[in-house]
file run_30.tsv (TSV, C-alpha atoms)
chain	number	residue	atom	x	y	z
A	1078	MET	CA	0.00	0.00	0.00
A	1079	THR	CA	1.36	3.39	-1.05
A	1080	THR	CA	1.47	6.09	1.62
A	1081	VAL	CA	0.38	9.50	0.36
A	1082	ALA	CA	2.46	12.36	1.69
A	1083	ALA	CA	0.64	15.04	3.65
A	1084	HIS	CA	-0.35	18.08	1.65
A	1085	PRO	CA	2.06	20.93	2.48
A	1086	GLU	CA	0.68	24.06	4.13
A	1087	HIS	CA	0.58	27.03	1.79
A	1088	GLY	CA	-1.52	30.03	0.97
A	1089	PRO	CA	-4.23	30.06	-1.70
A	1090	ASP	CA	-2.16	32.41	-3.86
A	1091	ASP	CA	0.86	30.09	-3.93
A	1092	PRO	CA	-0.04	26.74	-5.59
A	1093	CYS	CA	2.23	23.90	-4.46
A	1094	PRO	CA	4.29	21.80	-6.93
A	1095	GLU	CA	2.11	18.74	-6.29
A	1096	GLY	CA	-1.01	20.71	-7.14
A	1097	ILE	CA	0.54	22.05	-10.35
A	1098	GLU	CA	1.34	18.49	-11.49
A	1099	VAL	CA	-2.23	17.33	-10.84
A	1100	TYR	CA	-3.63	20.40	-12.59
A	1101	GLU	CA	-1.44	19.78	-15.66
A	1102	ARG	CA	-2.76	16.21	-15.81
A	1103	ALA	CA	-6.35	17.47	-15.57
A	1104	LEU	CA	-5.67	19.83	-18.50
A	1105	ARG	CA	-4.22	17.00	-20.62
A	1106	GLU	CA	-7.04	14.60	-19.89
A	1107	GLY	CA	-9.89	17.13	-19.85
A	1108	GLY	CA	-10.62	16.29	-16.24
A	1109	ILE	CA	-9.58	14.09	-13.33
A	1110	ASP	CA	-11.18	11.67	-10.92
A	1111	SER	CA	-12.04	13.51	-7.70
A	1112	ARG	CA	-10.22	10.77	-5.71
A	1113	ASP	CA	-6.98	11.56	-7.54
A	1114	ALA	CA	-7.24	15.20	-6.51
A	1115	SER	CA	-7.95	14.48	-2.85
A	1116	SER	CA	-4.25	14.83	-2.00
A	1117	VAL	CA	-4.18	18.42	-3.26
A	1118	PRO	CA	-7.26	20.17	-1.85
A	1119	CYS	CA	-5.72	23.55	-2.79
A	1120	LEU	CA	-6.82	23.06	-6.39
A	1121	VAL	CA	-10.49	23.06	-5.41
A	1122	GLY	CA	-9.92	25.77	-2.80
A	1123	THR	CA	-8.39	28.17	-5.31
A	1124	GLY	CA	-11.02	27.33	-7.94
A	1125	LEU	CA	-8.57	25.75	-10.41
A	1126	LEU	CA	-10.65	22.53	-10.31
A	1127	ARG	CA	-14.45	22.39	-10.06
A	1128	PRO	CA	-17.04	19.56	-10.15
A	1129	ASP	CA	-17.85	18.31	-13.63
A	1130	ALA	CA	-21.56	18.89	-14.26
A	1131	ARG	CA	-21.65	15.81	-16.50
A	1132	ASP	CA	-19.99	13.44	-14.02
A	1133	THR	CA	-20.22	14.08	-10.28
A	1134	GLY	CA	-17.22	11.81	-9.67
A	1135	ARG	CA	-14.88	13.95	-11.72
A	1136	LEU	CA	-13.34	17.45	-11.56
A	1137	GLU	CA	-12.71	19.67	-14.57
A	1138	PRO	CA	-9.96	22.30	-14.86
A	1139	VAL	CA	-10.86	26.01	-14.88
A	1140	PRO	CA	-8.77	28.30	-17.15
A	1141	PRO	CA	-5.99	29.88	-15.06
A	1142	ALA	CA	-6.72	33.35	-16.50
A	1143	LEU	CA	-10.29	33.19	-15.21
A	1144	VAL	CA	-9.14	32.07	-11.75
A	1145	LEU	CA	-6.50	34.80	-11.66
A	1146	HIS	CA	-9.08	37.43	-12.61
A	1147	ARG	CA	-11.39	36.32	-9.84
A	1148	ARG	CA	-8.62	36.35	-7.24
A	1149	LEU	CA	-7.36	39.78	-8.34
A	1150	ARG	CA	-10.90	41.15	-8.14
A	1151	ALA	CA	-11.23	39.74	-4.65
A	1152	THR	CA	-7.93	41.40	-3.71
A	1153	THR	CA	-9.14	44.71	-5.14
A	1154	ASP	CA	-12.36	44.42	-3.17
A	1155	ARG	CA	-10.42	43.77	0.04
A	1156	ALA	CA	-8.19	46.76	-0.67
A	1157	ALA	CA	-11.26	48.94	-1.16
A	1158	VAL	CA	-12.63	47.74	2.17
A	1159	GLU	CA	-9.31	48.58	3.85
A	1160	ARG	CA	-9.26	52.05	2.28
A	1161	ARG	CA	-12.75	52.73	3.58
A	1162	ARG	CA	-11.63	51.50	6.99
A	1163	GLN	CA	-8.60	53.84	6.88
A	1164	GLU	CA	-10.86	56.77	5.97
A	1165	ARG	CA	-13.20	55.96	8.87
A	1166	LEU	CA	-10.23	55.76	11.25
A	1167	ALA	CA	-8.85	59.08	10.00
A	1168	GLU	CA	-12.25	60.75	10.51
A	1169	ALA	CA	-12.61	59.21	13.97
A	1170	PHE	CA	-9.13	60.31	15.10
A	1171	ALA	CA	-9.24	63.81	13.55
A	1172	PRO	CA	-10.66	65.46	16.73
A	1173	LEU	CA	-8.06	63.67	18.86
A	1174	LEU	CA	-5.24	64.81	16.59
A	1175	ARG	CA	-6.43	68.41	16.86
A	1176	ILE	CA	-6.49	68.13	20.64
A	1177	GLY	CA	-3.04	66.54	20.82
A	1178	GLY	CA	-1.52	68.51	17.95
A	1179	ARG	CA	0.76	70.45	20.27
A	1180	SER	CA	2.55	67.33	21.51
A	1181	THR	CA	4.48	66.63	18.29
A	1182	ALA	CA	7.96	67.26	19.65
A	1183	ALA	CA	8.85	63.56	19.61
A	1184	GLU	CA	7.92	63.31	15.92
A	1185	ASN	CA	9.51	66.61	14.90
A	1186	PRO	CA	12.13	67.66	17.46
A	1187	ALA	CA	13.40	70.42	15.13
A	1188	ILE	CA	10.29	72.54	15.78
A	1189	ARG	CA	8.33	72.40	19.03
A	1190	ALA	CA	5.23	74.39	19.94
A	1191	ILE	CA	5.18	75.74	23.50
A	1192	SER	CA	1.90	76.95	24.97
A	1193	GLY	CA	1.58	79.33	27.91
A	1194	THR	CA	3.65	82.29	29.09
A	1195	GLY	CA	5.20	80.30	31.95
A	1196	PRO	CA	6.41	77.36	29.85
A	1197	ILE	CA	7.70	79.76	27.18
A	1198	ASN	CA	9.77	81.71	29.72
A	1199	GLU	CA	11.08	78.48	31.22
A	1200	ALA	CA	12.18	77.21	27.78
A	1201	ILE	CA	13.92	80.51	26.99
A	1202	THR	CA	15.64	80.57	30.39
A	1203	GLU	CA	16.82	76.99	29.92
A	1204	ALA	CA	18.22	77.82	26.47
A	1205	MET	CA	19.99	80.90	27.80
A	1206	THR	CA	21.74	79.04	30.62
A	1207	GLY	CA	23.88	77.32	27.99
A	1208	VAL	CA	24.73	80.39	25.89
A	1209	GLU	CA	28.50	80.91	25.63
A	1210	GLY	CA	28.76	82.99	22.44
A	1211	GLU	CA	25.94	85.43	21.73
A	1212	LEU	CA	22.26	86.07	22.29
A	1213	LEU	CA	20.35	87.87	19.52
A	1214	CYS	CA	17.02	89.51	20.34
A	1215	VAL	CA	14.37	91.50	18.52
A	1216	GLN	CA	11.99	93.37	20.83
A	1217	PRO	CA	9.24	95.13	18.83
A	1218	ASN	CA	7.25	97.82	20.63
A	1219	VAL	CA	7.45	96.20	24.07
A	1220	HIS	CA	5.07	97.87	26.55
A	1221	TYR	CA	7.57	98.35	29.35
A	1222	ASN	CA	5.44	100.98	31.02
A	1223	ASP	CA	2.81	98.56	32.27
A	1224	SER	CA	3.22	96.33	35.33
A	1225	ARG	CA	3.64	93.17	33.31
A	1226	GLY	CA	6.44	94.68	31.26
A	1227	ALA	CA	8.21	95.93	34.37
A	1228	ALA	CA	7.99	92.52	36.05
A	1229	ALA	CA	9.30	90.79	32.94
A	1230	GLN	CA	12.17	93.26	32.80
A	1231	VAL	CA	13.29	92.34	36.32
A	1232	VAL	CA	13.35	88.63	35.44
A	1233	ALA	CA	15.19	89.32	32.17
A	1234	MET	CA	17.84	91.47	33.89
A	1235	ASP	CA	19.00	88.66	36.19
A	1236	ARG	CA	18.96	86.17	33.35
A	1237	ASP	CA	20.86	88.45	30.97
A	1238	GLN	CA	23.47	89.49	33.55
A	1239	ALA	CA	24.27	85.84	34.27
A	1240	LEU	CA	24.83	85.34	30.54
A	1241	LEU	CA	27.13	88.37	30.32
A	1242	ASP	CA	29.06	87.19	33.37
A	1243	ARG	CA	29.94	84.02	31.44
A	1244	GLY	CA	31.61	86.13	28.76
A	1245	ALA	CA	28.81	85.95	26.19
A	1246	ARG	CA	27.40	89.01	24.42
A	1247	ILE	CA	23.87	90.33	23.83
A	1248	ARG	CA	22.66	92.15	20.74
A	1249	THR	CA	19.13	93.59	20.82
A	1250	LEU	CA	17.07	95.39	18.18
A	1251	TYR	CA	14.28	97.77	19.18
A	1252	GLN	CA	12.02	100.16	17.35
A	1253	HIS	CA	12.94	103.84	17.45
A	1254	THR	CA	9.90	104.56	19.63
A	1255	GLN	CA	11.59	102.63	22.45
A	1256	ARG	CA	14.86	104.54	22.39
A	1257	HIS	CA	13.90	106.83	25.28
A	1258	MET	CA	11.77	104.51	27.40
A	1259	PRO	CA	13.05	104.71	31.00
A	1260	LEU	CA	13.10	100.95	31.54
A	1261	VAL	CA	14.98	100.36	28.28
A	1262	LEU	CA	17.59	102.98	29.13
A	1263	ALA	CA	17.87	101.72	32.72
A	1264	ARG	CA	18.49	98.22	31.40
A	1265	TYR	CA	21.68	99.24	29.59
A	1266	GLU	CA	22.81	101.44	32.45
A	1267	GLN	CA	22.63	98.46	34.81
A	1268	LEU	CA	23.91	95.60	32.63
A	1269	ARG	CA	27.64	94.92	32.98
A	1270	GLY	CA	29.31	93.32	29.98
A	1271	ASP	CA	29.10	93.22	26.20
A	1272	ALA	CA	25.45	94.27	25.74
A	1273	GLU	CA	24.59	96.52	22.79
A	1274	ALA	CA	21.28	97.78	21.43
A	1275	ARG	CA	20.23	99.38	18.16
A	1276	SER	CA	16.93	100.59	16.76
A	1277	LEU	CA	15.02	100.82	13.50
A	1278	ASP	CA	11.72	102.30	12.43
A	1279	GLU	CA	10.47	98.78	11.69
A	1280	VAL	CA	11.71	95.44	12.96
A	1281	THR	CA	10.52	91.86	12.65
A	1282	ASP	CA	8.26	90.22	15.20
A	1283	ARG	CA	9.82	89.06	18.46
A	1284	LEU	CA	12.87	86.84	17.97
A	1285	ILE	CA	15.45	85.21	20.24
A	1286	VAL	CA	18.44	83.28	18.89
A	1287	ALA	CA	20.71	81.57	21.43
A	1288	ASP	CA	24.20	80.67	20.18
A	1289	ARG	CA	22.69	79.84	16.77
A	1290	ASP	CA	21.59	76.54	18.30
A	1291	VAL	CA	17.98	77.37	19.11
A	1292	ALA	CA	15.59	80.18	18.23
A	1293	PHE	CA	12.22	81.26	19.61
A	1294	ILE	CA	9.55	82.96	17.52
A	1295	PRO	CA	5.89	83.72	18.28
A	1296	ALA	CA	3.21	81.39	16.94
A	1297	GLY	CA	0.28	83.70	17.66
A	1298	LYS	CA	-0.58	87.36	18.09
A	1299	ASP	CA	-1.34	87.17	21.83
A	1300	GLY	CA	2.11	85.87	22.79
A	1301	THR	CA	0.82	82.75	24.53
A	1302	VAL	CA	2.22	80.28	21.99
A	1303	ALA	CA	5.82	80.16	20.73
A	1304	LEU	CA	7.85	77.92	18.45
A	1305	GLU	CA	11.16	76.53	19.64
A	1306	VAL	CA	13.22	76.07	16.47
A	1307	ARG	CA	16.28	73.80	16.49
A	1308	HIS	CA	16.64	73.02	12.78
A	1309	PRO	CA	20.17	74.30	11.93
A	1310	ALA	CA	19.17	75.79	8.57
A	1311	LEU	CA	16.19	77.65	10.03
A	1312	VAL	CA	18.16	78.95	13.02
A	1313	GLU	CA	20.95	80.17	10.74
A	1314	PHE	CA	18.40	81.89	8.50
A	1315	LEU	CA	16.88	83.72	11.48
A	1316	ALA	CA	20.32	84.80	12.72
A	1317	ALA	CA	21.26	86.07	9.25
A	1318	THR	CA	18.00	88.01	9.07
A	1319	PHE	CA	18.78	89.59	12.43
A	1320	TYR	CA	22.19	90.78	11.29
A	1321	ARG	CA	20.84	92.23	8.04
A	1322	LEU	CA	18.65	94.46	10.18
A	1323	TRP	CA	21.41	95.05	12.74
A	1324	TRP	CA	23.82	96.64	10.26
A	1325	GLN	CA	21.09	99.02	9.09
A	1326	ALA	CA	20.09	100.02	12.62
A	1327	THR	CA	21.06	103.08	14.65
A	1328	PRO	CA	23.11	102.46	17.83
A	1329	MET	CA	21.36	103.17	21.11
A	1330	TYR	CA	22.81	103.15	24.60
A	1331	PRO	CA	25.66	103.62	25.47
A	1332	GLN	CA	26.19	105.49	22.17
A	1333	THR	CA	23.57	108.17	21.52
A	1334	VAL	CA	23.49	109.06	17.84
A	1335	HIS	CA	21.55	112.05	16.59
A	1336	ARG	CA	19.80	111.28	13.33
A	1337	PRO	CA	19.76	114.53	11.33
A	1338	SER	CA	16.83	115.81	9.33
A	1339	LEU	CA	17.06	116.20	5.56
A	1340	ASN	CA	15.55	119.38	4.09
A	1341	GLY	CA	13.28	119.61	7.09
A	1342	ILE	CA	12.18	115.91	6.85
A	1343	THR	CA	13.11	113.86	9.90
A	1344	PRO	CA	14.09	110.18	9.64
A	1345	ARG	CA	10.79	109.28	11.35
A	1346	GLN	CA	8.84	111.25	8.77
A	1347	ARG	CA	10.77	109.53	5.96
A	1348	ALA	CA	9.75	106.16	7.40
A	1349	ILE	CA	6.13	107.33	7.48
A	1350	ALA	CA	6.43	108.67	3.93
A	1351	GLY	CA	7.52	105.24	2.70
A	1352	LEU	CA	4.43	103.63	4.23
A	1353	LEU	CA	2.15	106.39	2.95
A	1354	VAL	CA	3.15	105.84	-0.67
A	1355	GLU	CA	2.48	102.13	-0.19
A	1356	GLY	CA	-1.12	103.09	0.59
A	1357	HIS	CA	-1.25	102.16	4.29
A	1358	THR	CA	-3.77	103.72	6.66
A	1359	ASP	CA	-2.82	105.79	9.68
A	1360	ALA	CA	-3.62	102.85	11.97
A	1361	VAL	CA	-1.34	100.47	10.05
A	1362	ILE	CA	1.46	103.03	9.95
A	1363	ALA	CA	1.20	103.57	13.72
A	1364	ASP	CA	1.25	99.83	14.39
A	1365	ARG	CA	4.24	99.12	12.15
A	1366	LEU	CA	6.29	101.98	13.58
A	1367	GLY	CA	5.39	101.25	17.18
A	1368	MET	CA	3.55	104.48	17.99
A	1369	ASN	CA	-0.02	105.43	18.80
A	1370	ILE	CA	-2.24	106.64	16.00
A	1371	ARG	CA	-2.38	110.22	17.36
A	1372	THR	CA	1.42	110.52	17.18
A	1373	ALA	CA	1.41	109.05	13.67
A	1374	ARG	CA	-1.11	111.66	12.53
A	1375	VAL	CA	0.97	114.47	14.03
A	1376	HIS	CA	4.00	113.29	12.02
A	1377	ILE	CA	1.87	112.99	8.86
A	1378	ALA	CA	0.57	116.52	9.34
A	1379	LYS	CA	4.12	117.89	9.79
A	1380	LEU	CA	5.27	115.98	6.71
A	1381	ALA	CA	2.38	117.40	4.68
A	1382	ALA	CA	3.13	120.94	5.90
A	1383	THR	CA	6.82	120.62	5.02
A	1384	LEU	CA	6.07	119.39	1.51
A	1385	GLY	CA	3.22	121.85	0.98
A	1386	SER	CA	0.54	119.21	0.55
A	1387	GLU	CA	-3.15	120.05	0.84
A	1388	SER	CA	-4.56	116.52	0.54
A	1389	ARG	CA	-3.63	112.89	1.16
A	1390	ALA	CA	-3.50	112.13	-2.56
A	1391	GLN	CA	-1.32	115.16	-3.25
A	1392	LEU	CA	0.97	114.16	-0.36
A	1393	GLY	CA	1.82	110.85	-2.01
A	1394	HIS	CA	2.67	112.63	-5.26
A	1395	LEU	CA	4.85	115.18	-3.48
A	1396	ILE	CA	6.69	112.45	-1.58
A	1397	TRP	CA	7.66	110.79	-4.86
A	1398	ARG	CA	8.63	114.10	-6.48
A	1399	SER	CA	10.73	115.21	-3.48
A	1400	GLY	CA	13.01	112.16	-3.77
A	1401	ILE	CA	13.26	111.82	0.02
A	1402	LEU	CA	12.76	108.06	-0.22
A	1403	ASP	CA	15.83	107.73	-2.44
A	1404	ARG	CA	18.17	109.28	0.13
A	1405	GLY	CA	19.83	107.65	3.09
A	1406	ALA	CA	18.64	108.21	6.64
call {"tool": "encode", "arguments": {"input": "run_30.tsv", "output": "structure tokens"}}
result
Amino acid sequence: MTTVAAHPEHGPDDPCPEGIEVYERALREGGIDSRDASSVPCLVGTGLLRPDARDTGRLEPVPPALVLHRRLRATTDRAAVERRRQERLAEAFAPLLRIGGRSTAAENPAIRAISGTGPINEAITEAMTGVEGELLCVQPNVHYNDSRGAAAQVVAMDRDQALLDRGARIRTLYQHTQRHMPLVLARYEQLRGDAEARSLDEVTDRLIVADRDVAFIPAGKDGTVALEVRHPALVEFLAATFYRLWWQATPMYPQTVHRPSLNGITPRQRAIAGLLVEGHTDAVIADRLGMNIRTARVHIAKLAATLGSESRAQLGHLIWRSGILDRGA
């Protein structure tokens, strides 16, 4: 008696050699006795053999192309089901991803969102404790005259002095409107070390770059969310942007530089003239130059009187004709 070997385990998409031999025989003979195919049940399972309608004891071969088409269609159907399942999962998790969107530091350590004034200050303080070279800062229109600004200044003084004591240097850019603020002036009278400040009519939004290793920029208008940037290319770009502004800026304390007027037009009025010809409103001009709207309108009125303008439209024309925007500050 001949012992039939056990049928090897395999998937339906991977016909075994024994099954292929039996199938080839069924093709040659136009069919095969069902008992001869009992040792290879995969042929019936995959649909390559099916019962012969004319003889219930026999199996007839099914064209391989037809079987392949059926199996591919089944695979496509399963893939469609999986895609629909993925879409349902994405929809179900969308609210959770929005809630947990701020905790992506592990996935993208180069940029981390920090929420809350306290955590932001802690992250900045931690970054500054390791500064050995330089700290670059942009401080646009800081309201030092309110209680919050004064309290923040006290904290910053201790932190900055510790940095200077380690031999590092601080470079800070302000707007011109901050040049004579008592707290700003007192800061540079009290700091001991290589701390220098300069000012411009317009600066970027708040920026801190520590040793070109990490930078902090705001991620919202209310100052309660910040981005901690550690990507080398981005940090270098921010530092380069700072220095492009720095070399155009006017030194502040301890050097006091008088910026002369030109044909009766002050540097502040030239800055306003540039924004006027761009079509900005008084409110936008005041915001960009860090002054209140009443002060901006006083400067605009003086500019109009100097140029002999009788209307806003005429003022723009006279600014262009005067050439004051083509001359250095």
call {"tool": "closest_residue", "arguments": {"input": "run_30.tsv", "among": "A:Leu1212, A:Glu1168, A:Met1368, A:Leu1120", "to": "Ala1292 of chain A", "atoms": "all atoms listed in the file"}}
result
A:Leu1212
call {"tool": "closest_residue", "arguments": {"input": "run_30.tsv", "among": "A:Glu1313, A:Glu1355, A:Asp1290, A:Asp1132", "to": "Leu1402 of chain A", "atoms": "only C-alpha atoms"}}
result
A:Glu1355
call {"tool": "atom_distance", "arguments": {"input": "run_30.tsv", "atom1": "atom CA of Pro1217 of chain A", "atom2": "atom CA of His1253 of chain A"}}
result
9.6 Å
call {"tool": "closest_residue", "arguments": {"input": "run_30.tsv", "among": "A:Arg1365, A:Arg1347, A:Arg1131, A:His1308", "to": "Val1280 of chain A", "atoms": "all atoms listed in the file"}}
result
A:Arg1365
call {"tool": "closest_residue", "arguments": {"input": "run_30.tsv", "among": "A:Arg1275, A:Asn1218, A:Met1258, A:Gly1210", "to": "Ala1245 of chain A", "atoms": "only C-alpha atoms"}}
result
A:Gly1210
call {"tool": "residues_near_point", "arguments": {"input": "run_30.tsv", "point": "(15.7, 91.6, 10.7)", "cutoff": "9 Å", "atoms": "all atoms listed in the file", "output": "list in words"}}
result
Val1215, Leu1250, Glu1279, Val1280, Thr1281, Asp1282, Leu1315, Ala1316, Ala1317, Thr1318, Phe1319, Tyr1320, Arg1321, Leu1322 and Trp1323 of chain A
